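Colleague: Just dropping this structure here.
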Amino acid sequence: MSADLNVVGQSVERSDGIGHVTGRTRFFGDRSFPGMLHLKMVRSPLDHARIIGIDLTDAERVSGFVRALTASDVPHNLYTILGLIGVEPEEEFVLAEDRVRFKGEAIVAIIAESEAAALEAVSKVHLDLEELPAVFDVEEALRPGAPIVTSWGNNTFMYEGHPCRRVRLGDVEAAFERADHIVEGVYNTSPIEQAPVETTGCIAVPEANGRYTVYTNTQALYFSLDNTAIILQVPGNRLHFVGGTVGGGFGGKVDVIVEPIATLAAMKTNRPVRFAYSRSEEMQVSSTRSAWRIYIKDGISRDGHIIARKVTSYADSGAYSRQTPYALTKHAANAAGPYAIPNVSIDAYCVYTNRQPTSAMRGFGVTMASFALEVQMDKIAERVGVDPWTIRFINAYRNGDMKPHRKLAEDATLIETMQAAAALVGHVLPDDLRAMTSAPRDAGPDGGRD
Amino acid sequence: MTVRTYLLPRSRPEALGLLDEHGPELLVMAGGTVAMPLINEGISLPEAVMGLRLAGLGGLERAGDELRIGATATLTQLLDQDAVPMLREAARNTASWSIRNMGTVGGNLFTPPPGGDVAVALLALDARVTLASTRGERVLPLADFLTGFMSTELAADELLVEISVPIPGEPTAYLKLGRKHASTPSVVTVAARLEWRGGRVTDARIALGAVGPHPIRAREAEQLLVGTRLDADAIAAAAVAAAQGCEPFTDGIATDWYRRRMAGLFVGRALEQLTPGAAGEGR
Amino acid sequence: MASRIVTFDLGGREVEVMVRPMTTLQSVLRNQLGFTATKDGCRQGGCGSCTVLVNGQPMLSCLLPVEDVAGQRVTTLESITPAEGLHPIQQAFLDAHASQCGYCTPGMVMVSKALLDHDPAPTDDAIRHALTGNICRCTGYRPIVTAVHSAAEAVHDAADAMRGSAGERAR
């Protein structure tokens, strides 16, 4: 190790370590402001319904009630979740307009002098809803006659006019014809809540100079600021976001859901407004990791080389897409795995259902691909009759290999990583695997493809 | 969160008087581990609440052949006693240290499934409950007290004041399956106690948690054991009867299918622990 | 809904608060007294981030009406932080990198304090059992257990050192 490194190889005290162990680290919720109001949401009790009417009469009589916000109060009533990076359409409302598409969707924001008063007022808002048929399974959602969740007539996110993100390399069907083995698998995963111990929230504070300071635990500070500016139709320089101290996120705080409505409430009341999810909201309303269903069909030669891989994936995006279309793109780019396969076909669908919307969580579309693929690799090893290490070594990427999405592998380290992992767990690899490297196939000691 | 009145009686007579005065709308709370979360979330919106933490109902003492447990004795007190090992085991398997310091034995009888793991043990031990009101007192077997999902024999003006437990003379078994090792709701909880004479079972109690609207007895399984030497066949038959006779449900912890299978498996394991000569657990 | 005055001992000093019926100790600490080391993760008794000690016993302040602790002794993380430096448990958490986001840390430290007060040399099992109600979603449990072990040693060594110096003085 180079002698001029000051940090690598050293144990360095965290800059926030003393704050954490003394409890002096200031999370957003540790702040309070004179006259601070509290915002609580009236949420849909149904999975899918038309909104016929909202009656606020009894709620307005609750002592401590300040005001309510409905869709018509929001200047641009659409979240711009991915529009800022060109992924559209925008389809999720800040407050529901004529329809709710999942249980827990926000309909009315109640602002009150205390949390207790806000909760009491929420319980006294009367909703007139007409229940609609709902769909909860990705493949059922794609069948003809399924309840349609979106406003554009089908239940998929559209990628440049296609209902799925597609990756194509070579000719998988021809390769299946000449394969010695065909191995198929279907892999299902559950939605997973990030469940940070600190729930999502913020406090929006009107300043004397006409700006709004927003103390937030978002994982995406400027993304949240831009969204808030667009939704409220104000220049970004009227907003000052203060963040960076996050009590756990894991992708769950990449949503931009709480800041716009809290800031709007601060504008309408000219008072500081706090909007923090309860634990139930965090679990039942905030985005989770998508549930996935992944079908894999592989063609393999007698010696264990995968010559064709066809993947069809469905991510359950829930009622709105949030960041899931982007997760699908990452998924599609990785759905063949870190393996050199000459024929690949990938169709990855972002499917709308009437479930809780989904978004980022640790790995973002790639983790689920890895789970499915690595179980599939073990199945292949079993079918071909080689051990699970060998099947991965002989198929591993090397520098110079073409990936299915037309990127040349440039910094391949899978072989070296597996060699190191084997050493760490005390597994003795055979000599031929120990001699392998990620060097380009034509330049490597074994020349070309093994 | 909208509570207008919080009453904190300092004695049992004061508590009974307040209950009589405020009527059935008064929410009675002991440790708060069940009621407070609902109040905090705005799911429960009581106008008036009576807290029992200071009402002097928290004693726990051995009196002759029985253990007398005040209704607001904490689960920590139950963990610290050694008269009834099964109750110590039940407390150890319930929630976490902080919750055990707050949650009460009486409160556990009102905790809906999959909670109520201590109540499962009490049921297997033939515990009796004392209900008091300004009209007087009555004593009921716990088996008769529990009547349905979140419903009991308790009258609107009555307070559960004490639980008495005959101290068992024979070894007992208590097993809880959760999704984690600790601080976890139950997939199934099994408490079993047998009486013996001449190498044969003369009486059996098997109580099950999280597989019914409240902790339930596996009565058919109990009957199948009487007269047997608790051999493998008898255990298997009792396990099947317990699995068939329970009423499991599906929630975020487990499916009804899984709960039923695990009920059978864990009844079998509990009985194996009670087989003469088995390496001791919970004795 | 008359408010009520409640007095209790907070880290050795008497505090007096005026509360509406059934206000939680958590709310009083955080919102009225500004003692925000006690965290607010679930208000359901499920996460352990709001753990305080009442008469030395860990309890969840989110489930505890403050009226219930009138006249009692409440200890929070602020109360055990010395004027200078850190409590041995805090130092051990810092040294072992036993906090990541930091949100569960106050609850973890408070339960560890109660544990070491009850059992100065806990086993691995005892530590895990004591901390079972405290969730760390960054999943840094192993360094937390390590920190409690080293805190136990540090407390023990400090006690030895004090005994040693007392012995010297006695001679």
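FYI, nothing fancy with the structure tokens labels: chains A, B, ... in order, residues from 1 per chain, ligands from 1 as they appear.
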Could the residues of chain B within 12 Å of chain A, counting only C-alpha atoms, be given as a list in words, please?

Modeller: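 My answer is Met1, Thr2, Val3, Arg4, Pro37, Leu38, Ile39, Asn40, Glu41, Gly42, Ile43, Ser44, Leu45, Pro46 and Glu47 of chain B.
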
Colleague: Out of region 115-250 of chain A, which residues get strand (DSSP E or B) from DSSP, as number ranges by chain?

Modeller: A: 126-131, 156, 159, 162, 165-169, 181-189, 192, 201-206, 212-216, 239-242

Colleague: Contacts of Gly46 (chain C) at 9 Å or less, counting only C-alpha atoms, minus same-chain residues fewer than 4 places along, as a PDB file with all heavy atoms, in the first residue's frame?

Modeller:
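See selection14.pdb below for the written result:
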ATOM      1  N   GLY C  41     -39.616   6.710  16.246  1.00  0.00           N
ATOM      2  CA  GLY C  41     -39.579   5.867  15.052  1.00  0.00           C
ATOM      3  C   GLY C  41     -40.887   5.205  14.682  1.00  0.00           C
ATOM      4  O   GLY C  41     -41.094   4.869  13.522  1.00  0.00           O
ATOM      5  N   CYS C  42     -41.765   4.979  15.679  1.00  0.00           N
ATOM      6  CA  CYS C  42     -42.983   4.246  15.301  1.00  0.00           C
ATOM      7  C   CYS C  42     -44.190   4.574  16.157  1.00  0.00           C
ATOM      8  O   CYS C  42     -45.309   4.421  15.705  1.00  0.00           O
ATOM      9  CB  CYS C  42     -42.728   2.734  15.316  1.00  0.00           C
ATOM     10  SG  CYS C  42     -42.545   2.013  16.960  1.00  0.00           S
ATOM     11  N   GLY C 133     -35.514  -5.725  21.243  1.00  0.00           N
ATOM     12  CA  GLY C 133     -36.585  -4.797  20.884  1.00  0.00           C
ATOM     13  C   GLY C 133     -36.108  -3.546  20.177  1.00  0.00           C
ATOM     14  O   GLY C 133     -36.904  -2.655  19.897  1.00  0.00           O
ATOM     15  N   ASN C 134     -34.809  -3.459  19.902  1.00  0.00           N
ATOM     16  CA  ASN C 134     -34.260  -2.261  19.265  1.00  0.00           C
ATOM     17  C   ASN C 134     -33.843  -2.600  17.841  1.00  0.00           C
ATOM     18  O   ASN C 134     -32.940  -3.398  17.631  1.00  0.00           O
ATOM     19  CB  ASN C 134     -33.056  -1.746  20.068  1.00  0.00           C
ATOM     20  CG  ASN C 134     -33.478  -1.243  21.438  1.00  0.00           C
ATOM     21  OD1 ASN C 134     -33.860  -2.022  22.301  1.00  0.00           O
ATOM     22  ND2 ASN C 134     -33.438   0.051  21.622  1.00  0.00           N
ATOM     23  N   ILE C 135     -34.509  -1.955  16.909  1.00  0.00           N
ATOM     24  CA  ILE C 135     -34.262  -2.291  15.506  1.00  0.00           C
ATOM     25  C   ILE C 135     -33.237  -1.339  14.898  1.00  0.00           C
ATOM     26  O   ILE C 135     -33.342  -0.121  15.052  1.00  0.00           O
ATOM     27  CB  ILE C 135     -35.579  -2.233  14.710  1.00  0.00           C
ATOM     28  CG1 ILE C 135     -36.472  -3.403  15.152  1.00  0.00           C
ATOM     29  CG2 ILE C 135     -35.319  -2.292  13.213  1.00  0.00           C
ATOM     30  CD1 ILE C 135     -37.848  -3.377  14.557  1.00  0.00           C
TER      31      ILE C 135
END

Colleague: Expressed in Å to a single decimal, how great is the separation between CA of Asp125 (chain C) and CA of Arg142 (chain C)?

Modeller: 12.3 Å

Colleague: Which chain C residues have any atom within 9 Å of an atom of chain A, and for each, what is the nearest pair of atoms with distance in Å to one decimal, counting only C-alpha atoms, rows sorted by chain and number, as JSON lines?

Modeller:
{"residue": "C:Arg30", "atom": "CA", "partner": "A:Asp30", "partner_atom": "CA", "distance": 7.3}
{"residue": "C:Asn31", "atom": "CA", "partner": "A:Ser32", "partner_atom": "CA", "distance": 7.5}
{"residue": "C:Gly34", "atom": "CA", "partner": "A:Asp30", "partner_atom": "CA", "distance": 8.0}
{"residue": "C:Phe35", "atom": "CA", "partner": "A:Asp30", "partner_atom": "CA", "distance": 8.7}
{"residue": "C:Thr36", "atom": "CA", "partner": "A:Asp30", "partner_atom": "CA", "distance": 5.6}
{"residue": "C:Ala37", "atom": "CA", "partner": "A:Gly23", "partner_atom": "CA", "distance": 4.2}
{"residue": "C:Thr38", "atom": "CA", "partner": "A:Gly23", "partner_atom": "CA", "distance": 7.5}
{"residue": "C:Lys39", "atom": "CA", "partner": "A:Glu198", "partner_atom": "CA", "distance": 8.3}
{"residue": "C:Asp40", "atom": "CA", "partner": "A:Glu198", "partner_atom": "CA", "distance": 7.0}
{"residue": "C:Gly41", "atom": "CA", "partner": "A:Glu198", "partner_atom": "CA", "distance": 5.0}
{"residue": "C:Cys42", "atom": "CA", "partner": "A:Arg279", "partner_atom": "CA", "distance": 4.9}
{"residue": "C:Arg43", "atom": "CA", "partner": "A:Arg279", "partner_atom": "CA", "distance": 7.5}
{"residue": "C:Gln44", "atom": "CA", "partner": "A:Arg279", "partner_atom": "CA", "distance": 8.0}
{"residue": "C:Cys47", "atom": "CA", "partner": "A:Val197", "partner_atom": "CA", "distance": 7.0}
{"residue": "C:Ser49", "atom": "CA", "partner": "A:Val197", "partner_atom": "CA", "distance": 7.7}
{"residue": "C:Leu77", "atom": "CA", "partner": "A:Thr22", "partner_atom": "CA", "distance": 6.5}
{"residue": "C:Glu78", "atom": "CA", "partner": "A:Thr22", "partner_atom": "CA", "distance": 6.9}
{"residue": "C:Ile80", "atom": "CA", "partner": "A:Thr22", "partner_atom": "CA", "distance": 8.8}
{"residue": "C:Thr81", "atom": "CA", "partner": "A:Thr22", "partner_atom": "CA", "distance": 6.5}
{"residue": "C:Leu86", "atom": "CA", "partner": "A:Thr22", "partner_atom": "CA", "distance": 7.9}
{"residue": "C:Ile89", "atom": "CA", "partner": "A:Val21", "partner_atom": "CA", "distance": 8.7}
{"residue": "C:Gln90", "atom": "CA", "partner": "A:Val21", "partner_atom": "CA", "distance": 5.3}
{"residue": "C:Gln91", "atom": "CA", "partner": "A:Val21", "partner_atom": "CA", "distance": 7.9}
{"residue": "C:Phe93", "atom": "CA", "partner": "A:Val21", "partner_atom": "CA", "distance": 6.8}
{"residue": "C:Leu94", "atom": "CA", "partner": "A:Gly17", "partner_atom": "CA", "distance": 5.9}
{"residue": "C:Asp95", "atom": "CA", "partner": "A:Glu13", "partner_atom": "CA", "distance": 7.7}
{"residue": "C:His97", "atom": "CA", "partner": "A:Gly17", "partner_atom": "CA", "distance": 7.9}
{"residue": "C:Ala98", "atom": "CA", "partner": "A:Val21", "partner_atom": "CA", "distance": 8.9}
{"residue": "C:Ser99", "atom": "CA", "partner": "A:His20", "partner_atom": "CA", "distance": 7.0}
{"residue": "C:Gln100", "atom": "CA", "partner": "A:Gly248", "partner_atom": "CA", "distance": 8.4}
{"residue": "C:Cys101", "atom": "CA", "partner": "A:Gly247", "partner_atom": "CA", "distance": 5.1}
{"residue": "C:Gly102", "atom": "CA", "partner": "A:His20", "partner_atom": "CA", "distance": 4.9}
{"residue": "C:Tyr103", "atom": "CA", "partner": "A:Gly247", "partner_atom": "CA", "distance": 5.1}
{"residue": "C:Cys104", "atom": "CA", "partner": "A:Val197", "partner_atom": "CA", "distance": 7.0}
{"residue": "C:Thr105", "atom": "CA", "partner": "A:Val21", "partner_atom": "CA", "distance": 6.2}
{"residue": "C:Pro106", "atom": "CA", "partner": "A:Gly23", "partner_atom": "CA", "distance": 5.9}
{"residue": "C:Val109", "atom": "CA", "partner": "A:Val21", "partner_atom": "CA", "distance": 7.6}
{"residue": "C:Ile135", "atom": "CA", "partner": "A:Val197", "partner_atom": "CA", "distance": 7.4}
{"residue": "C:Cys136", "atom": "CA", "partner": "A:Val197", "partner_atom": "CA", "distance": 7.2}
{"residue": "C:Arg137", "atom": "CA", "partner": "A:Pro196", "partner_atom": "CA", "distance": 6.0}
{"residue": "C:Cys138", "atom": "CA", "partner": "A:Gly248", "partner_atom": "CA", "distance": 6.6}

Colleague: Using 10 Å as the limit and counting only C-alpha atoms, can you tabulate each residue of chain C that touches chain B, with its shortest atom-to-atom distance in Å and the two atoms involved, as a Markdown table?

Modeller:
| residue | atom | partner | partner_atom | distance |
| --- | --- | --- | --- | --- |
| C:Met1 | CA | B:Arg4 | CA | 4.5 |
| C:Ala2 | CA | B:Arg4 | CA | 7.8 |
| C:Ser3 | CA | B:Arg4 | CA | 9.4 |
| C:Arg20 | CA | B:Arg4 | CA | 7.9 |
| C:Pro21 | CA | B:Tyr6 | CA | 5.3 |
| C:Met22 | CA | B:Tyr6 | CA | 6.0 |
| C:Thr23 | CA | B:Met1 | CA | 8.0 |
| C:Thr24 | CA | B:Asn40 | CA | 9.1 |
| C:Cys42 | CA | B:Pro37 | CA | 8.6 |
| C:Arg43 | CA | B:Pro37 | CA | 6.0 |
| C:Gln44 | CA | B:Pro37 | CA | 4.3 |
| C:Gly45 | CA | B:Thr33 | CA | 6.8 |
| C:Gly46 | CA | B:Ser183 | CA | 9.1 |
| C:Gly48 | CA | B:Ser98 | CA | 8.1 |
| C:Thr51 | CA | B:Ser98 | CA | 7.5 |
| C:Val52 | CA | B:Ser98 | CA | 9.0 |
| C:Leu53 | CA | B:Ser98 | CA | 9.1 |
| C:Val54 | CA | B:Asn101 | CA | 9.7 |
| C:Gln57 | CA | B:Asn101 | CA | 7.2 |
| C:Pro58 | CA | B:Ser98 | CA | 5.0 |
| C:Met59 | CA | B:Ser98 | CA | 4.5 |
| C:Leu60 | CA | B:Ser98 | CA | 6.1 |
| C:Ser61 | CA | B:Ser98 | CA | 9.7 |
| C:Cys62 | CA | B:Met36 | CA | 8.0 |
| C:Leu63 | CA | B:Met36 | CA | 5.4 |
| C:Leu64 | CA | B:Gly32 | CA | 7.0 |
| C:Pro65 | CA | B:Gly32 | CA | 8.6 |
| C:Glu67 | CA | B:Leu8 | CA | 8.0 |
| C:Asp68 | CA | B:Arg53 | CA | 6.8 |
| C:Val69 | CA | B:Arg53 | CA | 9.5 |
| C:Val111 | CA | B:Ser98 | CA | 8.4 |
| C:Leu115 | CA | B:Trp97 | CA | 9.9 |
| C:Arg128 | CA | B:Ala182 | CA | 9.4 |
| C:His129 | CA | B:Ala182 | CA | 7.6 |
| C:Ala130 | CA | B:Trp97 | CA | 6.1 |
| C:Leu131 | CA | B:Ser96 | CA | 7.8 |
| C:Thr132 | CA | B:Ser96 | CA | 5.9 |
| C:Gly133 | CA | B:Ser96 | CA | 4.8 |
| C:Asn134 | CA | B:Ser96 | CA | 8.4 |

Colleague: How would the residues just chosen look if you wrote them out with C-alpha atoms as an mmCIF file, in the first residue's frame?

Modeller:
data_model
loop_
_atom_site.group_PDB
_atom_site.id
_atom_site.type_symbol
_atom_site.label_atom_id
_atom_site.label_comp_id
_atom_site.auth_asym_id
_atom_site.auth_seq_id
_atom_site.Cartn_x
_atom_site.Cartn_y
_atom_site.Cartn_z
ATOM 1 C CA MET C 1 -59.940 18.499 29.041
ATOM 2 C CA ALA C 2 -58.068 20.298 31.749
ATOM 3 C CA SER C 3 -54.318 20.251 31.494
ATOM 4 C CA ARG C 20 -53.058 17.578 28.142
ATOM 5 C CA PRO C 21 -54.462 14.217 29.267
ATOM 6 C CA MET C 22 -52.363 11.226 28.249
ATOM 7 C CA THR C 23 -49.554 13.107 26.573
ATOM 8 C CA THR C 24 -46.723 10.645 26.125
ATOM 9 C CA CYS C 42 -42.983 4.246 15.301
ATOM 10 C CA ARG C 43 -45.086 5.260 18.326
ATOM 11 C CA GLN C 44 -46.176 1.634 18.396
ATOM 12 C CA GLY C 45 -43.601 0.157 20.727
ATOM 13 C CA GLY C 46 -42.039 -1.614 17.803
ATOM 14 C CA GLY C 48 -37.030 0.827 20.492
ATOM 15 C CA THR C 51 -36.273 3.881 24.935
ATOM 16 C CA VAL C 52 -35.656 5.731 28.196
ATOM 17 C CA LEU C 53 -34.982 4.386 31.686
ATOM 18 C CA VAL C 54 -37.670 4.784 34.322
ATOM 19 C CA GLN C 57 -35.646 0.083 33.855
ATOM 20 C CA PRO C 58 -35.880 0.441 30.076
ATOM 21 C CA MET C 59 -39.302 1.553 28.908
ATOM 22 C CA LEU C 60 -40.733 2.909 25.691
ATOM 23 C CA SER C 61 -41.548 6.579 26.096
ATOM 24 C CA CYS C 62 -43.972 6.479 23.145
ATOM 25 C CA LEU C 63 -46.307 4.175 25.088
ATOM 26 C CA LEU C 64 -46.025 5.914 28.422
ATOM 27 C CA PRO C 65 -48.409 8.693 29.497
ATOM 28 C CA GLU C 67 -48.745 11.224 34.231
ATOM 29 C CA ASP C 68 -47.710 7.611 34.893
ATOM 30 C CA VAL C 69 -44.143 8.667 35.734
ATOM 31 C CA VAL C 111 -30.792 -0.408 26.785
ATOM 32 C CA LEU C 115 -28.096 -4.038 30.829
ATOM 33 C CA ARG C 128 -28.693 -9.954 22.039
ATOM 34 C CA HIS C 129 -31.656 -10.774 24.266
ATOM 35 C CA ALA C 130 -31.552 -7.337 25.895
ATOM 36 C CA LEU C 131 -31.376 -5.508 22.552
ATOM 37 C CA THR C 132 -34.003 -7.589 20.791
ATOM 38 C CA GLY C 133 -36.585 -4.797 20.884
ATOM 39 C CA ASN C 134 -34.260 -2.261 19.265
#

Colleague: Give me the residues within 12 Å of Ala241 (chain B) as a VMD selection string, counting only C-alpha atoms and dropping any in the same chain fewer than 6 places off.

Modeller: chain B and resid 206 217 to 225 234 to 235 260 to 261 263 to 265 267 to 268

Colleague: List the spatial neighbours of region 365-375 of chain A as number ranges by chain - criterion: any atom at most 9 Å away, only C-alpha atoms, same-chain residues fewer than 5 positions off excluded.

Modeller: A: 185-189, 289-290, 292, 294-296, 313, 315, 324, 326-337, 360, 380

Colleague: Name the residues of region 42-140 of chain C that fall into alpha helix (DSSP H) according to DSSP on the backbone, using the chain letters and numbers of this document, as a ChimeraX atom specification.

Modeller: /C:77-80,88-95,105-118,124-130

Colleague: As an exercise, work out the distance from CA of Gly23 (chain B) to CA of Leu75 (chain B) in Å and give it to one decimal place.

Modeller: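 Going from CA of Gly23 (chain B) over to CA of Leu75 (chain B), I get 28.5 Å.
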
Colleague: What's around region 413-424 of chain A at 12 Å? Count only C-alpha atoms, leave out sequence neighbours fewer than 4 positions away in its own chain, and write the answer as a PyMOL selection string.

Modeller: chain A and resi 337-340+388-399+409+428-440

Colleague: Can you write just those residues out, N, CA and C atoms, as a PDB file, in the first residue's frame?

Modeller:
ATOM      1  N   GLY A 337     -27.067 -11.209 -16.656  1.00  0.00           N
ATOM      2  CA  GLY A 337     -26.060 -11.533 -15.650  1.00  0.00           C
ATOM      3  C   GLY A 337     -24.668 -11.178 -16.127  1.00  0.00           C
ATOM      4  N   PRO A 338     -23.662 -11.398 -15.287  1.00  0.00           N
ATOM      5  CA  PRO A 338     -22.285 -11.046 -15.641  1.00  0.00           C
ATOM      6  C   PRO A 338     -21.642 -12.155 -16.475  1.00  0.00           C
ATOM      7  N   TYR A 339     -22.384 -12.609 -17.466  1.00  0.00           N
ATOM      8  CA  TYR A 339     -21.937 -13.774 -18.225  1.00  0.00           C
ATOM      9  C   TYR A 339     -21.896 -13.447 -19.714  1.00  0.00           C
ATOM     10  N   ALA A 340     -20.961 -14.069 -20.402  1.00  0.00           N
ATOM     11  CA  ALA A 340     -20.792 -13.840 -21.848  1.00  0.00           C
ATOM     12  C   ALA A 340     -21.705 -14.820 -22.586  1.00  0.00           C
ATOM     13  N   PRO A 388     -21.156 -25.740  -9.195  1.00  0.00           N
ATOM     14  CA  PRO A 388     -21.636 -24.363  -9.378  1.00  0.00           C
ATOM     15  C   PRO A 388     -20.517 -23.342  -9.621  1.00  0.00           C
ATOM     16  N   TRP A 389     -19.320 -23.594  -9.115  1.00  0.00           N
ATOM     17  CA  TRP A 389     -18.198 -22.678  -9.379  1.00  0.00           C
ATOM     18  C   TRP A 389     -17.841 -22.732 -10.870  1.00  0.00           C
ATOM     19  N   THR A 390     -17.696 -23.946 -11.378  1.00  0.00           N
ATOM     20  CA  THR A 390     -17.251 -24.098 -12.766  1.00  0.00           C
ATOM     21  C   THR A 390     -18.204 -23.427 -13.737  1.00  0.00           C
ATOM     22  N   ILE A 391     -19.519 -23.615 -13.508  1.00  0.00           N
ATOM     23  CA  ILE A 391     -20.480 -23.068 -14.464  1.00  0.00           C
ATOM     24  C   ILE A 391     -20.341 -21.543 -14.534  1.00  0.00           C
ATOM     25  N   ARG A 392     -19.998 -20.931 -13.412  1.00  0.00           N
ATOM     26  CA  ARG A 392     -19.853 -19.466 -13.394  1.00  0.00           C
ATOM     27  C   ARG A 392     -18.507 -19.046 -14.004  1.00  0.00           C
ATOM     28  N   PHE A 393     -17.452 -19.789 -13.713  1.00  0.00           N
ATOM     29  CA  PHE A 393     -16.140 -19.431 -14.284  1.00  0.00           C
ATOM     30  C   PHE A 393     -16.158 -19.522 -15.806  1.00  0.00           C
ATOM     31  N   ILE A 394     -16.724 -20.599 -16.333  1.00  0.00           N
ATOM     32  CA  ILE A 394     -16.595 -20.771 -17.789  1.00  0.00           C
ATOM     33  C   ILE A 394     -17.496 -19.811 -18.556  1.00  0.00           C
ATOM     34  N   ASN A 395     -18.531 -19.296 -17.885  1.00  0.00           N
ATOM     35  CA  ASN A 395     -19.415 -18.352 -18.574  1.00  0.00           C
ATOM     36  C   ASN A 395     -19.114 -16.886 -18.233  1.00  0.00           C
ATOM     37  N   ALA A 396     -18.192 -16.650 -17.322  1.00  0.00           N
ATOM     38  CA  ALA A 396     -17.974 -15.283 -16.829  1.00  0.00           C
ATOM     39  C   ALA A 396     -17.496 -14.338 -17.938  1.00  0.00           C
ATOM     40  N   TYR A 397     -17.931 -13.088 -17.816  1.00  0.00           N
ATOM     41  CA  TYR A 397     -17.413 -12.022 -18.687  1.00  0.00           C
ATOM     42  C   TYR A 397     -15.896 -11.944 -18.614  1.00  0.00           C
ATOM     43  N   ARG A 398     -15.313 -11.626 -19.734  1.00  0.00           N
ATOM     44  CA  ARG A 398     -13.903 -11.209 -19.715  1.00  0.00           C
ATOM     45  C   ARG A 398     -13.792  -9.909 -20.488  1.00  0.00           C
ATOM     46  N   ASN A 399     -12.704  -9.235 -20.296  1.00  0.00           N
ATOM     47  CA  ASN A 399     -12.511  -7.968 -21.017  1.00  0.00           C
ATOM     48  C   ASN A 399     -12.605  -8.214 -22.514  1.00  0.00           C
ATOM     49  N   ALA A 409     -17.239  -5.230 -22.386  1.00  0.00           N
ATOM     50  CA  ALA A 409     -16.756  -5.388 -21.011  1.00  0.00           C
ATOM     51  C   ALA A 409     -15.332  -4.847 -20.953  1.00  0.00           C
ATOM     52  N   VAL A 428     -11.151 -25.032  -2.344  1.00  0.00           N
ATOM     53  CA  VAL A 428     -10.005 -25.212  -3.243  1.00  0.00           C
ATOM     54  C   VAL A 428     -10.511 -25.389  -4.669  1.00  0.00           C
ATOM     55  N   LEU A 429     -10.185 -24.432  -5.513  1.00  0.00           N
ATOM     56  CA  LEU A 429     -10.610 -24.495  -6.919  1.00  0.00           C
ATOM     57  C   LEU A 429      -9.664 -25.401  -7.700  1.00  0.00           C
ATOM     58  N   PRO A 430     -10.189 -26.062  -8.733  1.00  0.00           N
ATOM     59  CA  PRO A 430      -9.289 -26.845  -9.595  1.00  0.00           C
ATOM     60  C   PRO A 430      -8.302 -25.929 -10.321  1.00  0.00           C
ATOM     61  N   ASP A 431      -7.203 -26.500 -10.747  1.00  0.00           N
ATOM     62  CA  ASP A 431      -6.129 -25.701 -11.350  1.00  0.00           C
ATOM     63  C   ASP A 431      -6.588 -24.855 -12.531  1.00  0.00           C
ATOM     64  N   ASP A 432      -7.453 -25.442 -13.390  1.00  0.00           N
ATOM     65  CA  ASP A 432      -7.840 -24.677 -14.585  1.00  0.00           C
ATOM     66  C   ASP A 432      -8.620 -23.422 -14.206  1.00  0.00           C
ATOM     67  N   LEU A 433      -9.448 -23.494 -13.153  1.00  0.00           N
ATOM     68  CA  LEU A 433     -10.196 -22.297 -12.746  1.00  0.00           C
ATOM     69  C   LEU A 433      -9.265 -21.297 -12.062  1.00  0.00           C
ATOM     70  N   ARG A 434      -8.296 -21.835 -11.324  1.00  0.00           N
ATOM     71  CA  ARG A 434      -7.350 -20.938 -10.648  1.00  0.00           C
ATOM     72  C   ARG A 434      -6.469 -20.196 -11.643  1.00  0.00           C
ATOM     73  N   ALA A 435      -6.254 -20.806 -12.816  1.00  0.00           N
ATOM     74  CA  ALA A 435      -5.391 -20.190 -13.821  1.00  0.00           C
ATOM     75  C   ALA A 435      -6.125 -19.174 -14.690  1.00  0.00           C
ATOM     76  N   MET A 436      -7.441 -19.152 -14.625  1.00  0.00           N
ATOM     77  CA  MET A 436      -8.200 -18.236 -15.485  1.00  0.00           C
ATOM     78  C   MET A 436      -7.986 -16.784 -15.088  1.00  0.00           C
ATOM     79  N   THR A 437      -8.129 -15.883 -16.056  1.00  0.00           N
ATOM     80  CA  THR A 437      -8.102 -14.453 -15.760  1.00  0.00           C
ATOM     81  C   THR A 437      -9.163 -13.781 -16.611  1.00  0.00           C
ATOM     82  N   SER A 438      -9.390 -12.493 -16.337  1.00  0.00           N
ATOM     83  CA  SER A 438     -10.350 -11.724 -17.119  1.00  0.00           C
ATOM     84  C   SER A 438      -9.704 -11.114 -18.359  1.00  0.00           C
ATOM     85  N   ALA A 439      -8.471 -11.502 -18.647  1.00  0.00           N
ATOM     86  CA  ALA A 439      -7.802 -10.969 -19.839  1.00  0.00           C
ATOM     87  C   ALA A 439      -8.617 -11.312 -21.081  1.00  0.00           C
ATOM     88  N   PRO A 440      -8.557 -10.458 -22.113  1.00  0.00           N
ATOM     89  CA  PRO A 440      -9.333 -10.734 -23.332  1.00  0.00           C
ATOM     90  C   PRO A 440      -9.066 -12.143 -23.838  1.00  0.00           C
TER      91      PRO A 440
END
